[in-house]
file my_file_26.cif (mmCIF, C-alpha atoms)
data_data
#
loop_
_atom_site.label_atom_id
_atom_site.label_comp_id
_atom_site.auth_asym_id
_atom_site.auth_seq_id
_atom_site.Cartn_x
_atom_site.Cartn_y
_atom_site.Cartn_z
CA MET A 1 -28.51 65.23 3.12
CA ILE A 2 -27.20 62.86 5.72
CA GLU A 3 -28.76 63.33 9.14
CA ILE A 4 -26.66 62.18 12.07
CA ALA A 5 -28.27 60.37 14.98
CA TRP A 6 -26.37 62.35 17.61
CA SER A 7 -28.21 60.73 20.50
CA ASN A 8 -26.92 57.29 19.42
CA PHE A 9 -23.44 58.47 18.47
CA THR A 10 -20.80 56.80 20.68
CA PRO A 11 -17.42 57.61 19.13
CA TRP A 12 -15.32 56.95 22.26
CA SER A 13 -16.65 53.52 23.13
CA ALA A 14 -16.54 52.64 19.42
CA LEU A 15 -12.92 53.75 19.21
CA ALA A 16 -12.00 51.92 22.44
CA GLY A 17 -13.71 48.74 21.22
CA GLY A 18 -11.99 49.08 17.86
CA ILE A 19 -8.61 49.38 19.56
CA LEU A 20 -9.37 46.20 21.53
CA VAL A 21 -10.31 44.40 18.30
CA GLY A 22 -7.05 45.67 16.80
CA LEU A 23 -5.09 44.45 19.83
CA ALA A 24 -6.73 41.03 19.53
CA ALA A 25 -5.83 40.80 15.84
CA ALA A 26 -2.31 42.10 16.62
CA SER A 27 -1.69 39.57 19.38
CA PHE A 28 -2.98 36.74 17.21
CA LEU A 29 -0.68 37.83 14.40
CA LEU A 30 2.40 38.45 16.54
CA LEU A 31 1.96 35.40 18.82
CA ASN A 32 0.60 32.81 16.41
CA GLY A 33 1.53 34.33 13.07
CA ARG A 34 -1.99 34.20 11.71
CA ILE A 35 -4.73 36.50 10.42
CA ALA A 36 -7.64 36.80 12.87
CA GLY A 37 -10.37 36.18 10.33
CA ILE A 38 -13.40 34.85 12.14
CA SER A 39 -15.25 33.31 9.19
CA GLY A 40 -12.05 31.52 8.14
CA ILE A 41 -11.26 30.26 11.64
CA LEU A 42 -14.80 28.91 12.02
CA GLY A 43 -15.08 27.59 8.45
CA GLY A 44 -11.80 25.69 8.81
CA LEU A 45 -13.47 23.52 11.46
CA LEU A 46 -15.75 22.04 8.82
CA THR A 47 -12.90 20.38 6.93
CA PRO A 48 -10.62 19.69 9.89
CA LEU A 49 -6.99 18.79 9.35
CA LYS A 50 -4.97 17.03 12.04
CA GLY A 51 -3.46 19.51 14.52
CA ASP A 52 -5.58 22.28 13.08
CA ILE A 53 -8.61 21.97 15.32
CA ALA A 54 -7.73 22.89 18.92
CA TRP A 55 -6.62 26.46 18.25
CA ARG A 56 -9.71 27.16 16.14
CA VAL A 57 -11.97 25.83 18.89
CA ALA A 58 -9.98 27.87 21.45
CA PHE A 59 -10.49 31.10 19.48
CA MET A 60 -14.23 30.39 19.19
CA LEU A 61 -14.44 29.65 22.93
CA GLY A 62 -12.77 33.00 23.59
CA LEU A 63 -15.41 34.81 21.51
CA LEU A 64 -18.27 32.80 23.03
CA GLY A 65 -16.93 33.22 26.56
CA ALA A 66 -16.33 36.98 26.31
CA PRO A 67 -19.85 37.94 27.53
CA ALA A 68 -19.63 35.56 30.52
CA VAL A 69 -16.21 36.91 31.55
CA TRP A 70 -17.51 40.44 31.03
CA LEU A 71 -20.42 39.73 33.41
CA LEU A 72 -17.93 39.07 36.22
CA ALA A 73 -17.08 42.77 36.12
CA GLY A 74 -20.41 44.41 35.26
CA ASP A 75 -23.56 44.45 33.15
CA LEU A 76 -23.49 43.66 29.45
CA PRO A 77 -24.55 46.46 27.09
CA ALA A 78 -27.88 45.85 25.36
CA ILE A 79 -28.05 43.43 22.43
CA GLU A 80 -31.13 44.33 20.39
CA ILE A 81 -32.04 41.83 17.68
CA ASN A 82 -35.11 43.07 15.84
CA ALA A 83 -34.89 40.75 12.83
CA GLY A 84 -37.46 37.94 12.82
CA TYR A 85 -36.52 34.26 12.60
CA PRO A 86 -36.97 33.91 8.81
CA ALA A 87 -34.76 36.98 8.31
CA LEU A 88 -32.13 35.60 10.70
CA ILE A 89 -32.06 32.29 8.81
CA ILE A 90 -31.72 34.00 5.43
CA ALA A 91 -29.07 36.36 6.85
CA GLY A 92 -27.10 33.49 8.38
CA LEU A 93 -27.11 31.46 5.15
CA LEU A 94 -25.97 34.48 3.09
CA VAL A 95 -23.24 35.36 5.60
CA GLY A 96 -22.07 31.74 5.79
CA VAL A 97 -21.90 31.10 2.04
CA GLY A 98 -20.76 34.64 1.20
CA THR A 99 -17.86 34.86 3.65
CA ARG A 100 -16.49 31.47 2.61
CA TYR A 101 -16.86 32.24 -1.09
CA GLY A 102 -15.28 35.68 -0.58
CA SER A 103 -12.59 34.25 1.75
CA GLY A 104 -13.32 36.61 4.64
CA CYS A 105 -15.58 38.89 6.59
CA THR A 106 -15.41 42.14 8.53
CA SER A 107 -12.44 40.88 10.58
CA GLY A 108 -10.27 39.15 7.98
CA HIS A 109 -10.85 41.59 5.09
CA GLY A 110 -12.11 44.66 6.96
CA VAL A 111 -9.70 44.85 9.89
CA CYS A 112 -6.70 42.67 8.98
CA GLY A 113 -6.83 43.14 5.21
CA LEU A 114 -7.07 46.93 5.33
CA SER A 115 -4.36 47.00 8.04
CA ARG A 116 -1.95 45.28 5.68
CA LEU A 117 -3.06 47.52 2.80
CA SER A 118 -4.32 44.62 0.69
CA LEU A 119 -6.13 45.68 -2.48
CA ARG A 120 -7.92 42.36 -2.53
CA SER A 121 -9.33 42.98 0.94
CA LEU A 122 -10.19 46.56 0.01
CA ALA A 123 -12.25 45.24 -2.92
CA ALA A 124 -13.97 42.75 -0.60
CA THR A 125 -14.65 45.39 2.07
CA LEU A 126 -16.07 47.89 -0.42
CA SER A 127 -18.27 45.10 -1.84
CA PHE A 128 -19.81 44.01 1.46
CA MET A 129 -20.16 47.57 2.73
CA ALA A 130 -21.95 48.54 -0.49
CA THR A 131 -24.49 45.72 -0.34
CA GLY A 132 -24.84 46.24 3.43
CA PHE A 133 -25.84 49.88 2.89
CA ILE A 134 -28.08 49.01 -0.09
CA THR A 135 -29.82 46.17 1.75
CA VAL A 136 -30.67 48.33 4.77
CA PHE A 137 -31.85 51.10 2.41
CA VAL A 138 -34.15 48.71 0.56
CA ILE A 139 -35.50 47.08 3.72
CA ARG A 140 -36.09 50.29 5.69
CA HIS A 141 -36.88 52.88 3.02
CA VAL A 142 -38.20 50.99 -0.01
CA LEU A 143 -40.04 48.10 1.60
CA GLY A 144 -40.57 50.16 4.76
CA VAL A 145 -40.15 47.19 7.12
CA MET B 146 -0.82 24.29 23.82
CA LYS B 147 0.83 27.73 23.69
CA TYR B 148 -0.79 28.19 20.30
CA SER B 149 -4.27 27.38 21.54
CA LEU B 150 -3.89 29.52 24.66
CA ALA B 151 -2.87 32.49 22.53
CA SER B 152 -5.92 31.79 20.33
CA LEU B 153 -8.21 31.71 23.37
CA PHE B 154 -6.73 35.00 24.57
CA ALA B 155 -7.12 36.66 21.16
CA GLY B 156 -10.71 35.41 20.85
CA LEU B 157 -11.57 36.74 24.29
CA ILE B 158 -10.07 40.19 23.67
CA PHE B 159 -11.74 40.26 20.26
CA GLY B 160 -15.04 39.51 21.97
CA PHE B 161 -14.51 42.28 24.54
CA GLY B 162 -13.78 44.69 21.70
CA LEU B 163 -17.03 43.77 19.94
CA ILE B 164 -18.98 44.25 23.19
CA VAL B 165 -17.36 47.60 24.10
CA SER B 166 -17.69 48.99 20.58
CA GLY B 167 -21.38 48.23 20.13
CA MET B 168 -20.73 45.86 17.20
CA ALA B 169 -22.30 43.01 19.18
CA ASN B 170 -25.60 44.89 19.05
CA PRO B 171 -27.25 44.38 15.62
CA GLU B 172 -29.48 47.44 16.06
CA LYS B 173 -26.33 49.58 16.42
CA VAL B 174 -24.84 48.01 13.28
CA LEU B 175 -28.04 48.65 11.31
CA GLY B 176 -27.98 52.26 12.55
CA PHE B 177 -24.57 52.54 10.91
CA LEU B 178 -25.71 50.90 7.67
CA ASP B 179 -28.84 53.09 7.49
CA ILE B 180 -27.25 56.07 5.81
CA ALA B 181 -30.60 57.37 4.48
CA GLY B 182 -32.25 57.35 7.90
CA LEU B 183 -30.86 58.86 11.09
CA TRP B 184 -27.25 57.79 10.59
CA ASP B 185 -25.09 56.61 13.49
CA PRO B 186 -21.48 56.83 12.25
CA SER B 187 -20.02 55.25 15.42
CA LEU B 188 -18.93 52.01 13.79
CA ALA B 189 -16.57 53.83 11.45
CA PHE B 190 -14.60 54.53 14.64
CA VAL B 191 -14.44 50.80 15.41
CA MET B 192 -12.83 50.14 12.05
CA GLY B 193 -10.57 53.16 12.51
CA GLY B 194 -9.39 52.11 15.97
CA ALA B 195 -8.78 48.52 14.90
CA ILE B 196 -6.87 49.53 11.78
CA ILE B 197 -4.61 52.00 13.63
CA VAL B 198 -3.41 49.11 15.83
CA GLY B 199 -3.46 46.64 12.95
CA VAL B 200 -1.20 48.73 10.71
CA VAL B 201 1.48 48.76 13.41
CA ALA B 202 1.12 45.01 14.03
CA PHE B 203 1.49 44.14 10.35
CA ALA B 204 4.47 46.47 9.98
CA VAL B 205 6.16 44.55 12.84
CA ALA B 206 5.09 41.15 11.47
CA ARG B 207 6.46 41.90 8.02
CA ARG B 208 9.98 42.29 9.43
CA ARG B 209 9.85 38.85 11.01
CA THR B 210 9.58 35.27 9.76
CA LEU B 211 8.71 33.81 13.17
CA SER B 212 6.13 35.06 15.67
CA PHE B 213 7.08 35.96 19.24
CA LEU B 214 6.06 32.42 20.23
CA GLY B 215 8.26 30.99 17.45
CA PHE B 216 5.57 30.04 14.91
CA ASN B 217 5.75 30.76 11.19
CA ILE B 218 4.08 34.02 10.24
CA LYS B 219 1.49 33.33 7.53
CA ILE B 220 0.37 36.53 5.85
CA PRO B 221 -1.68 35.96 2.67
CA SER B 222 0.34 36.91 -0.38
CA HIS B 223 -2.19 36.62 -3.19
CA ASN B 224 -3.59 39.92 -4.32
CA HIS B 225 -5.85 38.73 -7.08
CA ILE B 226 -9.32 40.26 -7.20
CA ASP B 227 -11.56 37.63 -8.75
CA LYS B 228 -15.24 36.91 -9.24
CA ARG B 229 -15.41 34.63 -6.21
CA LEU B 230 -14.06 37.32 -3.92
CA VAL B 231 -16.45 40.01 -5.14
CA ILE B 232 -19.60 37.87 -5.48
CA GLY B 233 -19.01 36.24 -2.09
CA SER B 234 -18.46 39.61 -0.43
CA LEU B 235 -21.56 41.10 -2.09
CA MET B 236 -23.61 38.17 -0.75
CA PHE B 237 -22.13 38.59 2.70
CA GLY B 238 -23.05 42.27 2.72
CA VAL B 239 -26.69 41.48 1.91
CA GLY B 240 -26.82 39.04 4.83
CA TRP B 241 -25.12 41.60 7.09
CA GLY B 242 -27.73 44.21 6.14
CA VAL B 243 -30.67 41.85 6.67
CA ALA B 244 -29.97 41.10 10.35
CA GLY B 245 -27.10 43.39 11.39
CA PHE B 246 -24.87 40.44 12.26
CA CYS B 247 -21.48 39.59 10.82
CA PRO B 248 -19.74 36.39 12.05
CA GLY B 249 -17.89 37.64 15.17
CA PRO B 250 -20.76 39.61 16.72
CA GLY B 251 -23.14 36.71 16.00
CA ILE B 252 -20.92 34.36 17.99
CA VAL B 253 -20.49 36.87 20.85
CA ALA B 254 -24.28 37.45 21.04
CA LEU B 255 -24.74 33.67 21.09
CA GLY B 256 -22.31 33.56 24.03
CA ALA B 257 -24.49 36.17 25.74
CA GLY B 258 -27.35 33.66 25.56
CA GLU B 259 -29.40 35.28 22.79
CA ILE B 260 -31.66 32.65 21.16
CA LYS B 261 -31.95 34.71 17.98
CA ALA B 262 -28.15 34.81 17.72
CA ALA B 263 -28.12 31.02 18.03
CA VAL B 264 -30.49 30.81 15.04
CA PHE B 265 -28.26 33.20 13.07
CA VAL B 266 -25.05 31.29 13.92
CA ALA B 267 -26.64 27.89 13.16
CA SER B 268 -27.76 29.21 9.75
CA MET B 269 -24.32 30.70 9.13
CA VAL B 270 -22.65 27.36 9.86
CA ALA B 271 -25.21 25.69 7.58
CA GLY B 272 -24.24 28.20 4.88
CA MET B 273 -20.58 27.29 5.36
CA VAL B 274 -21.45 23.58 5.06
CA ILE B 275 -23.37 24.32 1.84
CA PHE B 276 -20.27 26.10 0.54
CA GLU B 277 -18.07 23.07 1.36
CA LEU B 278 -20.53 20.70 -0.38
CA ILE B 279 -20.61 22.88 -3.50
CA GLU B 280 -16.80 23.02 -3.51
CA ARG B 281 -16.54 19.24 -3.12
CA ASN B 282 -18.90 18.72 -6.05
CA ARG B 283 -16.93 21.17 -8.17
CA ALA B 284 -13.72 19.34 -7.34
CA LYS B 285 -15.25 16.03 -8.49
CA ALA B 286 -16.65 17.44 -11.72
#

call {"tool": "encode", "arguments": {"input": "my_file_26.cif", "output": "structure tokens"}}
result
Amino acid sequence: MIEIAWSNFTPWSALAGGILVGLAAASFLLLNGRIAGISGILGGLLTPLKGDIAWRVAFMLGLLGAPAVWLLAGDLPAIEINAGYPALIIAGLLVGVGTRYGSGCTSGHGVCGLSRLSLRSLAATLSFMATGFITVFVIRHVLGV
Amino acid sequence: MKYSLASLFAGLIFGFGLIVSGMANPEKVLGFLDIAGLWDPSLAFVMGGAIIVGVVAFAVARRRTLSFLGFNIKIPSHNHIDKRLVIGSLMFGVGWGVAGFCPGPGIVALGAGEIKAAVFVASMVAGMVIFELIERNRAKA
């Protein structure tokens, strides 16, 4: 049986945040004609082509600057990172290699790919969701970390 | 210039969305991925909200060849599900489950000044460099 953590359940802020993410992807698509896939935008900076750098840097600066701009209006919600440094390094390497090999992450495949009803992105999303669930299960309930 | 400004705007709004939704908080993400513990289904609503808007945006984009700023609309056309796609995504999911970070939230948390997010993002970029080096070697072979 699945037990719901009602005290942590925040459907309205999650929905509102999701709509903002959708609006960001929509404006990127309708203004610049591109898919807002974060791993792809970042990864493209590693093999830079002429004229293909500034907009990628600008998108990254927007993401990086969001908390600072947010702070002008109020407090940031908590960011709790309980993973230790070795786990963060392993996680980062897997996310870096995996998203480039799989041509996308939660934004490119999950949000944009599912929005355009791409079977390819559906396969990718089901794959990373599956191993995401399995990994947390193994870490928390098998290894008991 | 227009192009980069629109990118900056999209990145900023994307970042706000990740902050509002709780995605920028790895503990919240792990609560969603922990289906066998006390499950927090909130993040399904993030995906839902984003996709509702996204479906409309792609329906509009599909009817156009140029964006509202006059740039070519580049929507991926390949629909081939191959080994690279699946293996890469499976790997990504393991990394996501280990720390609770996917790329966007990692970068936003780094922007919030979290040292641990900096370590995650640096490792992620290192992973992307490793991928490029492997690809370059494959191309030579």

call {"tool": "resolve_selection", "arguments": {"input": "my_file_26.cif", "expression": "the PyMOL selection byres ((chain A and resi 95-100) around 7)", "output": "PyMOL selection string"}}
result
(chain A and resi 39+91-94+101-105) or (chain B and resi 233-234+236-237+240-241+247+269-270+272-273+275-276)

call {"tool": "residues_around", "arguments": {"input": "my_file_26.cif", "residues": "Glu172 (chain B)", "least_positions_apart": "4", "cutoff": "10 Å", "atoms": "all atoms listed in the file", "output": "PDB file with C-alpha atoms, keeping the file's coordinate frame"}}
result
ATOM      1  CA  ALA A  78     -27.880  45.850  25.360  1.00  0.00           C
ATOM      2  CA  ILE A  79     -28.050  43.430  22.430  1.00  0.00           C
ATOM      3  CA  GLU A  80     -31.130  44.330  20.390  1.00  0.00           C
ATOM      4  CA  ILE A  81     -32.040  41.830  17.680  1.00  0.00           C
ATOM      5  CA  ASN A  82     -35.110  43.070  15.840  1.00  0.00           C
ATOM      6  CA  ALA A  83     -34.890  40.750  12.830  1.00  0.00           C
TER       7      ALA A  83
ATOM      8  CA  GLY B 167     -21.380  48.230  20.130  1.00  0.00           C
ATOM      9  CA  MET B 168     -20.730  45.860  17.200  1.00  0.00           C
ATOM     10  CA  GLY B 176     -27.980  52.260  12.550  1.00  0.00           C
ATOM     11  CA  PHE B 177     -24.570  52.540  10.910  1.00  0.00           C
ATOM     12  CA  LEU B 178     -25.710  50.900   7.670  1.00  0.00           C
ATOM     13  CA  ALA B 244     -29.970  41.100  10.350  1.00  0.00           C
ATOM     14  CA  GLY B 245     -27.100  43.390  11.390  1.00  0.00           C
ATOM     15  CA  PHE B 246     -24.870  40.440  12.260  1.00  0.00           C
TER      16      PHE B 246
END

call {"tool": "resolve_selection", "arguments": {"input": "my_file_26.cif", "expression": "the PyMOL selection byres ((chain B and resi 152) around 6)", "output": "count of residues only"}}
result
9

call {"tool": "resolve_selection", "arguments": {"input": "my_file_26.cif", "expression": "the PyMOL selection byres ((chain B and resi 215-226) around 8)", "output": "count of residues only"}}
result
22

call {"tool": "closest_residue", "arguments": {"input": "my_file_26.cif", "among": "B:Trp184, B:Tyr148, B:Phe265, B:Phe161", "to": "Val136 (chain A)", "atoms": "all atoms listed in the file"}}
result
B:Trp184

call {"tool": "atom_distance", "arguments": {"input": "my_file_26.cif", "atom1": "CA of Leu76 (chain A)", "atom2": "CA of Trp12 (chain A)"}}
result
17.2 Å

call {"tool": "atom_distance", "arguments": {"input": "my_file_26.cif", "atom1": "CA of Met1 (chain A)", "atom2": "CA of Leu15 (chain A)"}}
result
25.2 Å

call {"tool": "atom_distance", "arguments": {"input": "my_file_26.cif", "atom1": "CA of Ala124 (chain A)", "atom2": "CA of Arg229 (chain B)"}}
result
10.0 Å

call {"tool": "residues_around", "arguments": {"input": "my_file_26.cif", "residues": "Val243 (chain B)", "least_positions_apart": "6", "cutoff": "9 Å", "atoms": "only C-alpha atoms", "output": "list in words"}}
result
Ala83, Ala87, Leu88, Ile90, Ala91, Gly132, Thr135, Val136 and Ile139 of chain A; Leu175 of chain B

call {"tool": "decode", "arguments": {"input": "my_file_26.cif", "residues": "region 235-256 of chain B", "atoms": "N, CA and C atoms", "output": "PDB file, in the first residue's frame"}}
result
ATOM      1  N   LEU B 235      18.426   5.728 -18.295  1.00  0.00           N
ATOM      2  CA  LEU B 235      18.484   4.871 -17.103  1.00  0.00           C
ATOM      3  C   LEU B 235      19.591   5.358 -16.169  1.00  0.00           C
ATOM      4  N   MET B 236      20.746   5.702 -16.753  1.00  0.00           N
ATOM      5  CA  MET B 236      21.872   6.215 -15.954  1.00  0.00           C
ATOM      6  C   MET B 236      21.482   7.515 -15.264  1.00  0.00           C
ATOM      7  N   PHE B 237      20.863   8.397 -16.029  1.00  0.00           N
ATOM      8  CA  PHE B 237      20.442   9.685 -15.471  1.00  0.00           C
ATOM      9  C   PHE B 237      19.518   9.476 -14.276  1.00  0.00           C
ATOM     10  N   GLY B 238      18.585   8.545 -14.402  1.00  0.00           N
ATOM     11  CA  GLY B 238      17.638   8.291 -13.316  1.00  0.00           C
ATOM     12  C   GLY B 238      18.326   7.821 -12.039  1.00  0.00           C
ATOM     13  N   VAL B 239      19.381   6.999 -12.190  1.00  0.00           N
ATOM     14  CA  VAL B 239      20.128   6.542 -11.013  1.00  0.00           C
ATOM     15  C   VAL B 239      20.756   7.759 -10.323  1.00  0.00           C
ATOM     16  N   GLY B 240      21.396   8.618 -11.112  1.00  0.00           N
ATOM     17  CA  GLY B 240      22.013   9.815 -10.538  1.00  0.00           C
ATOM     18  C   GLY B 240      20.986  10.720  -9.867  1.00  0.00           C
ATOM     19  N   TRP B 241      19.833  10.841 -10.502  1.00  0.00           N
ATOM     20  CA  TRP B 241      18.730  11.664  -9.960  1.00  0.00           C
ATOM     21  C   TRP B 241      18.298  11.124  -8.596  1.00  0.00           C
ATOM     22  N   GLY B 242      18.191   9.790  -8.506  1.00  0.00           N
ATOM     23  CA  GLY B 242      17.759   9.144  -7.264  1.00  0.00           C
ATOM     24  C   GLY B 242      18.809   9.206  -6.165  1.00  0.00           C
ATOM     25  N   VAL B 243      20.093   9.267  -6.547  1.00  0.00           N
ATOM     26  CA  VAL B 243      21.149   9.288  -5.532  1.00  0.00           C
ATOM     27  C   VAL B 243      21.128  10.610  -4.756  1.00  0.00           C
ATOM     28  N   ALA B 244      20.992  11.740  -5.460  1.00  0.00           N
ATOM     29  CA  ALA B 244      21.086  13.029  -4.758  1.00  0.00           C
ATOM     30  C   ALA B 244      19.788  13.834  -4.776  1.00  0.00           C
ATOM     31  N   GLY B 245      18.860  13.501  -5.670  1.00  0.00           N
ATOM     32  CA  GLY B 245      17.617  14.278  -5.767  1.00  0.00           C
ATOM     33  C   GLY B 245      17.733  15.493  -6.675  1.00  0.00           C
ATOM     34  N   PHE B 246      18.853  15.574  -7.395  1.00  0.00           N
ATOM     35  CA  PHE B 246      19.071  16.696  -8.307  1.00  0.00           C
ATOM     36  C   PHE B 246      18.999  16.244  -9.759  1.00  0.00           C
ATOM     37  N   CYS B 247      18.225  16.949 -10.588  1.00  0.00           N
ATOM     38  CA  CYS B 247      18.393  16.846 -12.028  1.00  0.00           C
ATOM     39  C   CYS B 247      19.064  18.163 -12.465  1.00  0.00           C
ATOM     40  N   PRO B 248      19.393  18.345 -13.751  1.00  0.00           N
ATOM     41  CA  PRO B 248      20.250  19.482 -14.106  1.00  0.00           C
ATOM     42  C   PRO B 248      19.708  20.860 -13.697  1.00  0.00           C
ATOM     43  N   GLY B 249      18.469  21.197 -14.045  1.00  0.00           N
ATOM     44  CA  GLY B 249      17.951  22.535 -13.759  1.00  0.00           C
ATOM     45  C   GLY B 249      17.988  22.895 -12.281  1.00  0.00           C
ATOM     46  N   PRO B 250      17.378  22.059 -11.427  1.00  0.00           N
ATOM     47  CA  PRO B 250      17.406  22.340  -9.996  1.00  0.00           C
ATOM     48  C   PRO B 250      18.821  22.431  -9.421  1.00  0.00           C
ATOM     49  N   GLY B 251      19.749  21.625  -9.938  1.00  0.00           N
ATOM     50  CA  GLY B 251      21.140  21.718  -9.474  1.00  0.00           C
ATOM     51  C   GLY B 251      21.694  23.110  -9.731  1.00  0.00           C
ATOM     52  N   ILE B 252      21.430  23.636 -10.930  1.00  0.00           N
ATOM     53  CA  ILE B 252      21.950  24.960 -11.292  1.00  0.00           C
ATOM     54  C   ILE B 252      21.269  26.051 -10.466  1.00  0.00           C
ATOM     55  N   VAL B 253      19.959  25.923 -10.240  1.00  0.00           N
ATOM     56  CA  VAL B 253      19.238  26.916  -9.423  1.00  0.00           C
ATOM     57  C   VAL B 253      19.769  26.895  -7.979  1.00  0.00           C
ATOM     58  N   ALA B 254      19.975  25.692  -7.422  1.00  0.00           N
ATOM     59  CA  ALA B 254      20.482  25.594  -6.042  1.00  0.00           C
ATOM     60  C   ALA B 254      21.901  26.155  -5.957  1.00  0.00           C
ATOM     61  N   LEU B 255      22.677  25.975  -7.024  1.00  0.00           N
ATOM     62  CA  LEU B 255      24.008  26.596  -7.074  1.00  0.00           C
ATOM     63  C   LEU B 255      23.865  28.120  -7.035  1.00  0.00           C
ATOM     64  N   GLY B 256      22.903  28.643  -7.789  1.00  0.00           N
ATOM     65  CA  GLY B 256      22.654  30.085  -7.788  1.00  0.00           C
ATOM     66  C   GLY B 256      22.212  30.597  -6.423  1.00  0.00           C
TER      67      GLY B 256
END
